[in-house]
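Novice: model_17.txt is reproduced below (compact mmCIF, C-alpha atoms).
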# COMPACT_ATOMS: atom_id res chain seq x y z
CA MET A 11 114.92 -50.56 137.67
CA THR A 12 118.61 -50.39 136.76
CA MET A 13 120.19 -53.76 136.05
CA PRO A 14 123.34 -54.44 138.09
CA LEU A 15 126.64 -54.10 136.27
CA GLU A 16 128.21 -57.26 134.91
CA ILE A 17 131.57 -57.52 136.70
CA VAL A 18 134.47 -59.52 135.29
CA THR A 19 137.62 -60.28 137.29
CA VAL A 20 140.79 -59.97 135.20
CA PRO A 21 143.98 -61.54 136.62
CA CYS A 22 147.01 -59.34 135.81
CA LEU A 23 150.77 -59.50 136.40
CA SER A 24 151.60 -62.23 138.93
CA ASP A 25 148.95 -61.62 141.58
CA ASN A 26 146.97 -58.45 140.73
CA TYR A 27 143.32 -58.13 139.80
CA ALA A 28 141.60 -55.58 137.60
CA PHE A 29 137.84 -55.50 137.11
CA LEU A 30 135.66 -54.81 134.09
CA LEU A 31 132.25 -53.26 134.80
CA HIS A 32 129.85 -53.68 131.89
CA ASP A 33 126.48 -51.99 131.58
CA ARG A 34 124.27 -54.17 129.37
CA ALA A 35 121.75 -51.40 128.66
CA SER A 36 124.25 -48.97 127.16
CA GLY A 37 126.88 -51.49 126.07
CA LYS A 38 129.51 -49.39 127.85
CA THR A 39 132.36 -50.75 129.96
CA ALA A 40 134.55 -49.37 132.73
CA LEU A 41 137.77 -50.70 134.25
CA VAL A 42 138.86 -50.48 137.87
CA ASP A 43 142.65 -50.23 137.97
CA ALA A 44 145.01 -50.87 135.08
CA PRO A 45 147.95 -53.04 136.16
CA GLU A 46 148.91 -53.97 132.58
CA PRO A 47 147.26 -53.54 129.19
CA ALA A 48 147.64 -57.00 127.63
CA ALA A 49 145.40 -59.00 129.96
CA ILE A 50 142.76 -56.28 129.96
CA LYS A 51 142.76 -55.96 126.16
CA ALA A 52 142.38 -59.73 125.86
CA ALA A 53 139.42 -59.77 128.26
CA LEU A 54 137.73 -56.94 126.34
CA ALA A 55 138.36 -58.58 122.95
CA GLU A 56 136.99 -61.90 124.18
CA ARG A 57 133.68 -60.18 124.95
CA ASP A 58 133.74 -57.73 122.05
CA TRP A 59 133.61 -54.81 124.46
CA GLY A 60 135.14 -51.36 124.17
CA LEU A 61 136.48 -49.41 127.14
CA ASP A 62 134.81 -46.12 128.05
CA GLU A 63 136.04 -45.36 131.60
CA ILE A 64 139.07 -46.18 133.75
CA LEU A 65 138.72 -45.77 137.53
CA LEU A 66 141.97 -45.65 139.51
CA THR A 67 142.18 -46.40 143.24
CA HIS A 68 145.73 -45.28 144.05
CA HIS A 69 149.06 -44.38 142.51
CA HIS A 70 151.12 -47.57 142.84
CA TRP A 71 152.55 -48.74 139.52
CA ASP A 72 150.85 -52.13 139.64
CA HIS A 73 147.46 -50.38 139.55
CA ILE A 74 148.11 -47.68 136.94
CA ASP A 75 150.84 -48.79 134.50
CA GLY A 76 148.41 -49.80 131.76
CA THR A 77 146.40 -46.59 131.89
CA GLU A 78 147.93 -44.59 129.06
CA GLU A 79 148.02 -47.45 126.56
CA LEU A 80 144.40 -48.31 127.31
CA ARG A 81 143.35 -44.67 127.17
CA SER A 82 144.98 -44.18 123.77
CA THR A 83 143.64 -47.46 122.38
CA TYR A 84 140.02 -47.08 123.43
CA GLY A 85 139.57 -43.36 124.12
CA ALA A 86 138.61 -44.06 127.73
CA THR A 87 138.27 -41.25 130.26
CA VAL A 88 140.17 -41.56 133.54
CA THR A 89 138.85 -40.97 137.07
CA GLY A 90 140.96 -40.81 140.22
CA ALA A 91 141.38 -39.05 143.54
CA SER A 92 141.95 -35.30 143.46
CA ALA A 93 144.23 -35.76 146.49
CA ASP A 94 146.39 -38.19 144.48
CA ALA A 95 146.23 -36.38 141.12
CA HIS A 96 149.89 -35.32 141.24
CA ARG A 97 151.00 -38.98 141.12
CA LEU A 98 148.31 -40.46 138.89
CA PRO A 99 148.04 -40.38 135.09
CA PRO A 100 146.24 -37.20 133.94
CA LEU A 101 142.66 -37.28 135.21
CA ASP A 102 139.54 -36.40 133.25
CA ARG A 103 137.49 -36.59 136.44
CA ALA A 104 138.99 -35.86 139.87
CA VAL A 105 136.91 -37.04 142.83
CA ALA A 106 137.06 -36.85 146.63
CA ASP A 107 135.66 -38.59 149.69
CA GLY A 108 131.89 -38.25 150.02
CA GLU A 109 131.34 -37.40 146.36
CA SER A 110 129.29 -39.45 143.94
CA PHE A 111 129.39 -39.63 140.16
CA ASP A 112 127.38 -41.30 137.43
CA LEU A 113 128.76 -44.34 135.63
CA PHE A 114 126.46 -45.37 132.78
CA GLY A 115 123.41 -44.63 134.94
CA HIS A 116 124.85 -46.20 138.09
CA ALA A 117 125.72 -44.01 141.09
CA VAL A 118 129.29 -44.50 142.30
CA ALA A 119 130.16 -43.28 145.80
CA VAL A 120 133.77 -42.32 146.49
CA LEU A 121 135.32 -43.33 149.83
CA ASP A 122 138.68 -42.11 151.06
CA VAL A 123 140.38 -45.26 152.39
CA SER A 124 143.85 -43.89 153.12
CA GLY A 125 146.32 -46.07 155.01
CA HIS A 126 148.12 -48.20 152.44
CA THR A 127 148.71 -44.89 150.66
CA VAL A 128 147.44 -41.42 151.45
CA GLY A 129 144.84 -40.53 148.84
CA HIS A 130 143.75 -44.15 148.20
CA ILE A 131 140.04 -44.30 147.32
CA ALA A 132 137.44 -47.03 147.00
CA PHE A 133 134.43 -47.06 144.67
CA HIS A 134 131.08 -48.22 146.08
CA ILE A 135 128.32 -49.01 143.58
CA PRO A 136 125.21 -49.69 145.69
CA ASP A 137 122.90 -50.90 142.92
CA SER A 138 125.44 -53.60 142.02
CA HIS A 139 126.21 -54.45 145.69
CA ALA A 140 129.90 -53.90 144.92
CA VAL A 141 132.83 -52.05 146.44
CA PHE A 142 136.25 -51.87 144.79
CA THR A 143 138.80 -51.58 147.57
CA ALA A 144 142.14 -52.41 145.87
CA ASP A 145 144.81 -52.43 148.62
CA SER A 146 142.74 -51.07 151.53
CA LEU A 147 140.39 -53.86 152.65
CA MET A 148 141.62 -57.10 151.08
CA ALA A 149 140.41 -60.68 151.29
CA LEU A 150 141.30 -61.69 154.87
CA GLY A 151 143.71 -58.77 155.09
CA CYS A 152 144.51 -55.13 154.47
CA GLY A 153 147.32 -53.34 152.68
CA ARG A 154 150.63 -52.56 154.34
CA LEU A 155 150.82 -49.06 155.78
CA PHE A 156 153.34 -47.64 153.32
CA GLU A 157 152.23 -44.02 153.77
CA GLY A 158 149.37 -43.80 156.26
CA THR A 159 148.99 -44.37 159.99
CA PRO A 160 147.20 -47.14 161.88
CA GLN A 161 144.56 -44.56 162.82
CA GLN A 162 143.92 -43.74 159.15
CA MET A 163 143.67 -47.39 158.12
CA TRP A 164 141.44 -48.31 161.05
CA GLN A 165 139.11 -45.43 160.13
CA SER A 166 139.14 -46.58 156.50
CA LEU A 167 138.38 -50.19 157.39
CA SER A 168 135.64 -49.12 159.79
CA LYS A 169 134.07 -47.04 157.01
CA LEU A 170 134.08 -50.04 154.68
CA ALA A 171 132.76 -52.38 157.38
CA ALA A 172 129.73 -50.08 157.78
CA LEU A 173 128.58 -50.77 154.20
CA PRO A 174 125.69 -53.25 153.76
CA ALA A 175 126.84 -56.74 154.74
CA GLN A 176 125.76 -58.20 151.39
CA THR A 177 128.25 -55.97 149.58
CA ILE A 178 130.81 -57.87 147.51
CA VAL A 179 134.41 -56.76 148.07
CA TYR A 180 136.58 -56.60 144.95
CA SER A 181 140.15 -56.22 146.19
CA GLY A 182 143.38 -55.85 144.29
CA HIS A 183 145.53 -58.94 144.88
CA GLU A 184 145.53 -62.71 145.27
CA TYR A 185 147.07 -62.65 148.74
CA THR A 186 144.32 -64.60 150.48
CA GLN A 187 146.17 -67.84 151.16
CA SER A 188 149.03 -66.11 152.97
CA ASN A 189 146.54 -63.82 154.72
CA ALA A 190 144.66 -66.89 155.92
CA ALA A 191 147.83 -68.48 157.32
CA PHE A 192 148.32 -65.34 159.40
CA ALA A 193 144.67 -64.81 160.38
CA ILE A 194 144.40 -68.23 161.97
CA THR A 195 147.27 -67.32 164.32
CA ILE A 196 145.15 -64.45 165.65
CA GLU A 197 141.88 -66.37 166.02
CA PRO A 198 142.61 -70.09 165.95
CA GLN A 199 139.25 -70.90 167.57
CA ASN A 200 137.08 -68.89 165.13
CA PRO A 201 134.90 -71.53 163.38
CA ALA A 202 134.00 -69.23 160.47
CA LEU A 203 137.70 -68.59 159.90
CA GLN A 204 138.55 -72.29 160.16
CA SER A 205 135.99 -73.03 157.45
CA ARG A 206 137.24 -70.21 155.27
CA VAL A 207 140.85 -71.35 155.52
CA ALA A 208 139.84 -74.79 154.26
CA GLU A 209 137.84 -73.27 151.39
CA ILE A 210 140.77 -71.06 150.41
CA GLU A 211 143.18 -73.99 150.38
CA ALA A 212 140.81 -75.95 148.13
CA ALA A 213 140.23 -73.02 145.78
CA ARG A 214 143.92 -72.27 145.34
CA ALA A 215 144.75 -75.95 144.86
CA ALA A 216 142.23 -75.91 141.99
CA GLY A 217 143.71 -72.71 140.55
CA GLN A 218 140.60 -70.68 141.39
CA PRO A 219 140.64 -67.05 142.56
CA THR A 220 139.59 -66.14 146.10
CA VAL A 221 138.61 -62.60 145.10
CA PRO A 222 135.97 -61.21 145.33
CA SER A 223 134.59 -61.99 148.78
CA SER A 224 131.53 -60.85 150.71
CA LEU A 225 131.75 -58.10 153.29
CA ARG A 226 129.82 -60.33 155.73
CA LEU A 227 132.55 -62.97 155.39
CA GLU A 228 135.26 -60.37 155.95
CA ILE A 229 133.51 -59.05 159.07
CA ASP A 230 133.29 -62.60 160.43
CA THR A 231 136.86 -63.68 159.63
CA ASN A 232 139.24 -60.82 158.75
CA PRO A 233 141.33 -59.97 161.83
CA PHE A 234 141.90 -56.40 160.64
CA LEU A 235 138.15 -55.71 160.82
CA ARG A 236 137.82 -57.36 164.23
CA ALA A 237 140.25 -55.38 166.39
CA HIS A 238 137.35 -53.93 168.41
CA LEU A 239 136.08 -57.35 169.54
CA PRO A 240 136.87 -58.63 173.06
CA GLU A 241 137.71 -62.13 171.82
CA VAL A 242 140.32 -60.76 169.39
CA GLN A 243 141.78 -58.44 172.00
CA ALA A 244 142.02 -61.34 174.46
CA SER A 245 143.67 -63.59 171.89
CA ILE A 246 146.64 -61.21 171.58
CA GLY A 247 146.78 -60.17 175.24
CA MET A 248 145.30 -56.69 174.77
CA GLU A 249 142.00 -56.95 176.66
CA GLY A 250 140.27 -53.60 176.95
CA ALA A 251 142.73 -51.77 174.68
CA GLU A 252 141.65 -49.17 172.14
CA ALA A 253 140.63 -50.80 168.86
CA VAL A 254 143.14 -48.76 166.86
CA ASP A 255 145.97 -49.98 169.12
CA VAL A 256 144.85 -53.58 168.69
CA PHE A 257 144.69 -53.04 164.92
CA ALA A 258 148.22 -51.59 164.97
CA GLU A 259 149.52 -54.63 166.86
CA ILE A 260 147.85 -57.04 164.41
CA ARG A 261 149.28 -55.11 161.46
CA LYS A 262 152.76 -55.19 163.04
CA ARG A 263 152.49 -58.94 163.54
CA LYS A 264 151.44 -59.41 159.91
CA ASP A 265 154.37 -57.31 158.69
CA ASN A 266 156.72 -59.65 160.58
CA PHE A 267 154.86 -62.88 159.79
Let me see the file written as structure tokens.
Specialist:
Amino acid sequence: MTMPLEIVTVPCLSDNYAFLLHDRASGKTALVDAPEPAAIKAALAERDWGLDEILLTHHHWDHIDGTEELRSTYGATVTGASADAHRLPPLDRAVADGESFDLFGHAVAVLDVSGHTVGHIAFHIPDSHAVFTADSLMALGCGRLFEGTPQQMWQSLSKLAALPAQTIVYSGHEYTQSNAAFAITIEPQNPALQSRVAEIEAARAAGQPTVPSSLRLEIDTNPFLRAHLPEVQASIGMEGAEAVDVFAEIRKRKDNF
């Protein structure tokens, strides 16, 4: 039986996260997103790890700017979306929705999660119960629709919500406290959300990260995953509306929050 990957959260820049994925059997390590080299190099040095693979979710600078320095330092190979290849660092492996590739003996499924950008992908690693979603599904939120449509993002979020509920969601930013302040305006009577808001406040007061989170918790509390539910539709005066239209209204409210 394959041992799950050891996953290390690396805070970068002011509020980004990168993730190290270490396979104990082979001693090899991968990185999901490369916001900056310094923090990632320090985390690798602390553990005496090299860097064999870099997996990129989307083209925004705060997810790719460290790629070339890390590639040249460690000789890592770079994987990203074929649909986004023209705006990513040069790719050694180009992947697309529905494909799977091997990472140190672990199967990695590629999911197109366009919406925040077009060509944004997520990496699902079933044997480690992990999905790396960057700026698609986020803790208590989702990314702004800079390039995609509400329909695209709703489809992307629905795809992620269909993963096993025990999946752990590794998203790209520490935005959870502000997301929570907004979420409670959508569902003020949701007891699971009320509890989560209190836990987030305590964690941030103690300087602790709120990422990753469980998919089950997101399904129970994240308003962007709950646009199909009658209680959410009622709370914003859109009873019986199409889920994608409810999602679009919630996203618009968040943009103006």
Novice: Around (141.4, -68.9, 141.8) in the file's frame, which residues reach within 12 Å when counting all atoms listed in the file? Return as a ChimeraX atom specification?
Specialist: /A:19-21,25-27,183-187,209-223
Novice: Counting all atoms listed in the file, which residue out of A:Lys51, A:Arg97, A:Arg81, A:Arg226 sits closest to Thr127 (chain A)?
Specialist: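 For Thr127 (chain A), the nearest of the candidates is A:Arg97.
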Novice: Which residues are near Arg34 (chain A)? Cut-off 10 Å, only C-alpha atoms, ignore same chain within fewer than 2 positions. Put them as a count of residues only.
Specialist: 11
Novice: Set out as JSON lines a contact list for region 18-53 of chain A and region 69-78 of chain A with a cut-off of 8 Å, giving each residue of region 18-53 of chain A that qualifies its closest atom pair and distance in Å to one decimal, counting all atoms listed in the file, ordered by chain and rising residue number.
Specialist:
{"residue": "A:Asn26", "atom": "CA", "partner": "A:Asp72", "partner_atom": "CA", "distance": 7.5}
{"residue": "A:Asp43", "atom": "CA", "partner": "A:His73", "partner_atom": "CA", "distance": 5.1}
{"residue": "A:Ala44", "atom": "CA", "partner": "A:Ile74", "partner_atom": "CA", "distance": 4.8}
{"residue": "A:Pro45", "atom": "CA", "partner": "A:His73", "partner_atom": "CA", "distance": 4.3}
{"residue": "A:Glu46", "atom": "CA", "partner": "A:Gly76", "partner_atom": "CA", "distance": 4.3}
{"residue": "A:Pro47", "atom": "CA", "partner": "A:Gly76", "partner_atom": "CA", "distance": 4.7}
Novice: May I have the residues at most 12 Å from (138.7, -38.4, 144.9) in the file's coordinates, counting only C-alpha atoms, as number ranges by chain?
Specialist: A: 65-68, 88-95, 98, 101-111, 118-124, 128-133
Novice: Would you kindly return, as a PyMOL selection string, each protein, DNA or RNA residue with an atom no farther than 12 Å from any atom of Pro240 (chain A), considering only C-alpha atoms and excluding same-chain residues fewer than 5 positions away?
Specialist: chain A and resi 197+245-253+256
Novice: Using all atoms listed in the file, which protein or nucleic acid residues come within 8 Å of Gly182 (chain A)? Drop anything in the same chain fewer than 6 positions from it, and give the result as a ChimeraX atom specification.
Specialist: /A:26-28,143-145,148
Novice: Which centre and edge lengths in Å to one decimal define the box along x, y and z that fits every listed atom of region 22-29 of chain A plus 8 Å per side, as JSON?
Specialist:
{"center_x": 144.7, "center_y": -58.9, "center_z": 138.7, "size_x": 29.8, "size_y": 22.7, "size_z": 21.8}
Novice: In terms of the shortest atom-to-atom distance over only C-alpha atoms, which of A:Ala190, A:Ala117, A:Met163, A:Leu235 is closest to His134 (chain A)?
Specialist: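 Closest to His134 (chain A) of all the choices is A:Ala117.
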Novice: Just checking: using all atoms listed in the file, which residue out of A:Leu150, A:Ala172, A:Ile229, A:Ile17 ends up closest to Val207 (chain A)?
Specialist: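 Checking each of A:Leu150, A:Ala172, A:Ile229, A:Ile17 against Val207 (chain A), counting all atoms listed in the file, the winner is A:Leu150.
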